[in-house]
Amino acid sequence: MKPIVFLLLATFFGGSTQQGVRFYVIRQWKYINFTWPNEDALKTATAKGLYVPENVVVSGVKYHDDFFYVTLPRMKEGVPATLTRIPAGQVQDYAPDLEPFPSWEMNDVEDCMNLQNVQNVEIDAKGQMWIIDGGRVQTLTKPVVKCPPKLVIYDVKGMSVKEVHQFPEEVASRNGSFLYDLVVDNTDEGFAYITDNSAHDPGLIVYSVKENRSWKIRDTKTMSADPSAINFSVNEIPINTPINIAAIALGPKIHTSNEKVVVNEDREVYYCPLSSLHLYSINTTVLRNENLAKTNLETSIKDIGLKPSQTVGMVMDNQGILYYSLLGNNAIGRWDSHTPFQSGQRLIARDPKYLEWPNSFTFDKNGNLTVLTNGLNRFIFDKMNLNEYNFRLISAFVGGTSYLYDDKFNYDLSTEGSSTSSSTMRSTSAEPTPGHEHQHEHEHQHEHEHDHMPTSTDTVTTTERSGTSRFVVSFVVLVLSFCIVL
């Protein structure tokens, strides 16, 4: 069987022998604990079921001003805080307790003005945090529907709420919406584009700061689960639930065309359902105009092409480089949008242990890409082992900056230069690997290895998932395997 397995990998991912970027584990946790006000608060929360360690999962990560902001969706009961932060950079503790942000009080579920269920956030160049709050809690068990979904714009430095927008029922319903991820566009005072992962009414929600109004773009073909991509597995755990639009990325405002710098307010929004191999895009010109979207939506959406596996998280840098998760491959893909999608994809990291469900991506100010992995495939089915590492932040120098920072665009970039192998962009001062973790209370202190994740860069090739193509690939693999065995 080994020759067959090897050739299957070579068939789908082979073609490049370039060395990949090197990712380092910079944080990792067996379970999540918090910076409690005191020991009694921890004991009380545990006794009352307000803190249940096995029910806490991390989801999103964003870097800003020497902190990582980490979200913890309230999918099950016993999640005391849904938005937190930890220090970035050099630290002594590689499994730090998470500090509720902005405060314990604002994470209290008893008041609907507080944060209820935060899946993801974005932090713009002004230091404003855009927080999508789904409202419903315990979404995986017995959903509690008390608060409406909302968008909160929060001034991180000033520690104050700037705006709260409650979504109308026809845009994001209390009972059915699932606000998953977002990107922020600074055009015309600001827009947010938000994926609604709703099982019954998926779509792209647009919020205008200037109008303080939101509307929803719906397209069944590109925003709903593809029946042919529903069934897959991650580390032998089968996923067979149709999951609609989830991942989203926004292209840069500044790009090059025929060696000239072009500034364009009209940008591409990339998105995909989790249960799909397709990547789609739509221009912000369409999204920002509700009437235009209703009349020209079908002709405005582009099918960029096929990925080798399902995707739950992605991000684009300010030079048009897209990074995205490949769940079934335990991998991270990279695509330079100046190149054709089918031939331009690269696999920059693949590891079944360290890249089990890469869920969220963020850039820091030094060109490092940080990826949050959370083993959601095991969390959903109650298969997490709290004696093992379940959550990680891994980081690598890729030379990119967030799409939000156009002023740092490389004006010398050309189509040829943008395809430079990521192996040429190596950090001169790589992040340290973990030393010792310090966990609280009912855990022992554990010492773990100084882990770095060896990676490889491969060309990612995909084929249409038709019966004919599957037969051809299978036949070629079988013939080659038979030849090797002989």
# chains A, B, ... in the order shown; residues from 1 in each chain; ligands from 1

call {"tool": "residues_around", "arguments": {"residues": "Val234 in chain A", "least_positions_apart": "5", "cutoff": "12 Å", "atoms": "only C-alpha atoms", "output": "ChimeraX atom specification"}}
result
/A:239-240,309-311,326-331,351-353,355-358,375-378

call {"tool": "select_by_dssp", "arguments": {"residues": "range 126-369 of chain A", "states": "helix (DSSP H, G or I)", "output": "NGL selection string"}}
result
:A and (187-189 or 220-223 or 227-229 or 284-287 or 290-300 or 327-329 or 341-344)

call {"tool": "closest_residue", "arguments": {"among": "A:Val152, A:Ser173, A:Tyr323, A:Tyr354", "to": "Asn235 in chain A", "atoms": "only C-alpha atoms"}}
result
A:Tyr354

call {"tool": "atom_distance", "arguments": {"atom1": "CA of Thr82 in chain A", "atom2": "CA of Glu211 in chain A"}}
result
28.4 Å

call {"tool": "residues_around", "arguments": {"residues": "Asn212 in chain A", "least_positions_apart": "6", "cutoff": "12 Å", "atoms": "only C-alpha atoms", "output": "ChimeraX atom specification"}}
result
/A:151-153,163-168,189-192,206

call {"tool": "residues_around", "arguments": {"residues": "range 103-118 of chain A", "least_positions_apart": "3", "cutoff": "9 Å", "atoms": "only C-alpha atoms", "output": "NGL selection string"}}
result
:A and (36-37 or 59-60 or 71-75 or 80-84 or 99-100 or 121 or 131-138 or 146-149 or 152 or 164 or 179-180)

call {"tool": "residues_around", "arguments": {"residues": "Tyr280 in chain A", "least_positions_apart": "3", "cutoff": "6 Å", "atoms": "only C-alpha atoms", "output": "list in words"}}
result
Tyr270, Tyr271, Lys302, Asp303 and Ile304 of chain A

call {"tool": "write_last_selection", "arguments": {"atoms": "all heavy atoms", "output": "PDB file, in the first residue's frame"}}
result
ATOM      1  N   TYR A 270     -12.874  37.492  -2.023  1.00  0.00           N
ATOM      2  CA  TYR A 270     -12.798  36.058  -2.285  1.00  0.00           C
ATOM      3  C   TYR A 270     -13.544  35.318  -1.181  1.00  0.00           C
ATOM      4  O   TYR A 270     -13.460  35.676  -0.004  1.00  0.00           O
ATOM      5  CB  TYR A 270     -11.335  35.600  -2.332  1.00  0.00           C
ATOM      6  CG  TYR A 270     -10.529  36.269  -3.420  1.00  0.00           C
ATOM      7  CD1 TYR A 270      -9.879  37.485  -3.189  1.00  0.00           C
ATOM      8  CD2 TYR A 270     -10.427  35.713  -4.680  1.00  0.00           C
ATOM      9  CE1 TYR A 270      -9.152  38.119  -4.178  1.00  0.00           C
ATOM     10  CE2 TYR A 270      -9.697  36.336  -5.693  1.00  0.00           C
ATOM     11  CZ  TYR A 270      -9.065  37.535  -5.429  1.00  0.00           C
ATOM     12  OH  TYR A 270      -8.344  38.160  -6.416  1.00  0.00           O
ATOM     13  N   TYR A 271     -14.247  34.251  -1.547  1.00  0.00           N
ATOM     14  CA  TYR A 271     -14.999  33.501  -0.549  1.00  0.00           C
ATOM     15  C   TYR A 271     -15.227  32.072  -1.027  1.00  0.00           C
ATOM     16  O   TYR A 271     -15.059  31.761  -2.213  1.00  0.00           O
ATOM     17  CB  TYR A 271     -16.347  34.184  -0.260  1.00  0.00           C
ATOM     18  CG  TYR A 271     -17.321  34.171  -1.414  1.00  0.00           C
ATOM     19  CD1 TYR A 271     -18.230  33.119  -1.582  1.00  0.00           C
ATOM     20  CD2 TYR A 271     -17.349  35.206  -2.346  1.00  0.00           C
ATOM     21  CE1 TYR A 271     -19.131  33.100  -2.640  1.00  0.00           C
ATOM     22  CE2 TYR A 271     -18.242  35.195  -3.406  1.00  0.00           C
ATOM     23  CZ  TYR A 271     -19.134  34.138  -3.550  1.00  0.00           C
ATOM     24  OH  TYR A 271     -20.009  34.118  -4.599  1.00  0.00           O
ATOM     25  N   LYS A 302     -17.326  35.431  -9.984  1.00  0.00           N
ATOM     26  CA  LYS A 302     -16.343  34.676 -10.771  1.00  0.00           C
ATOM     27  C   LYS A 302     -16.009  33.366 -10.062  1.00  0.00           C
ATOM     28  O   LYS A 302     -15.810  33.355  -8.841  1.00  0.00           O
ATOM     29  CB  LYS A 302     -15.055  35.486 -10.937  1.00  0.00           C
ATOM     30  CG  LYS A 302     -15.232  36.833 -11.589  1.00  0.00           C
ATOM     31  CD  LYS A 302     -13.924  37.624 -11.546  1.00  0.00           C
ATOM     32  CE  LYS A 302     -14.120  39.051 -12.024  1.00  0.00           C
ATOM     33  NZ  LYS A 302     -12.881  39.857 -11.869  1.00  0.00           N
ATOM     34  N   ASP A 303     -15.947  32.298 -10.803  1.00  0.00           N
ATOM     35  CA  ASP A 303     -15.455  31.020 -10.277  1.00  0.00           C
ATOM     36  C   ASP A 303     -13.955  30.986 -10.556  1.00  0.00           C
ATOM     37  O   ASP A 303     -13.514  30.791 -11.691  1.00  0.00           O
ATOM     38  CB  ASP A 303     -16.165  29.859 -10.970  1.00  0.00           C
ATOM     39  CG  ASP A 303     -15.827  28.512 -10.333  1.00  0.00           C
ATOM     40  OD1 ASP A 303     -14.799  28.428  -9.625  1.00  0.00           O
ATOM     41  OD2 ASP A 303     -16.574  27.536 -10.553  1.00  0.00           O
ATOM     42  N   ILE A 304     -13.158  31.216  -9.519  1.00  0.00           N
ATOM     43  CA  ILE A 304     -11.704  31.330  -9.692  1.00  0.00           C
ATOM     44  C   ILE A 304     -11.081  29.987 -10.053  1.00  0.00           C
ATOM     45  O   ILE A 304     -10.140  29.911 -10.834  1.00  0.00           O
ATOM     46  CB  ILE A 304     -11.055  31.892  -8.409  1.00  0.00           C
ATOM     47  CG1 ILE A 304     -11.672  33.252  -8.048  1.00  0.00           C
ATOM     48  CG2 ILE A 304      -9.554  32.035  -8.577  1.00  0.00           C
ATOM     49  CD1 ILE A 304     -11.493  34.309  -9.099  1.00  0.00           C
TER      50      ILE A 304
END

call {"tool": "residues_around", "arguments": {"residues": "Gly176 in chain A", "least_positions_apart": "3", "cutoff": "10 Å", "atoms": "only C-alpha atoms", "output": "ChimeraX atom specification"}}
result
/A:134,136,145,169,172-173,179,196-202

call {"tool": "residues_around", "arguments": {"residues": "Thr241 in chain A", "least_positions_apart": "3", "cutoff": "9 Å", "atoms": "only C-alpha atoms", "output": "PyMOL selection string"}}
result
chain A and resi 230-231+275
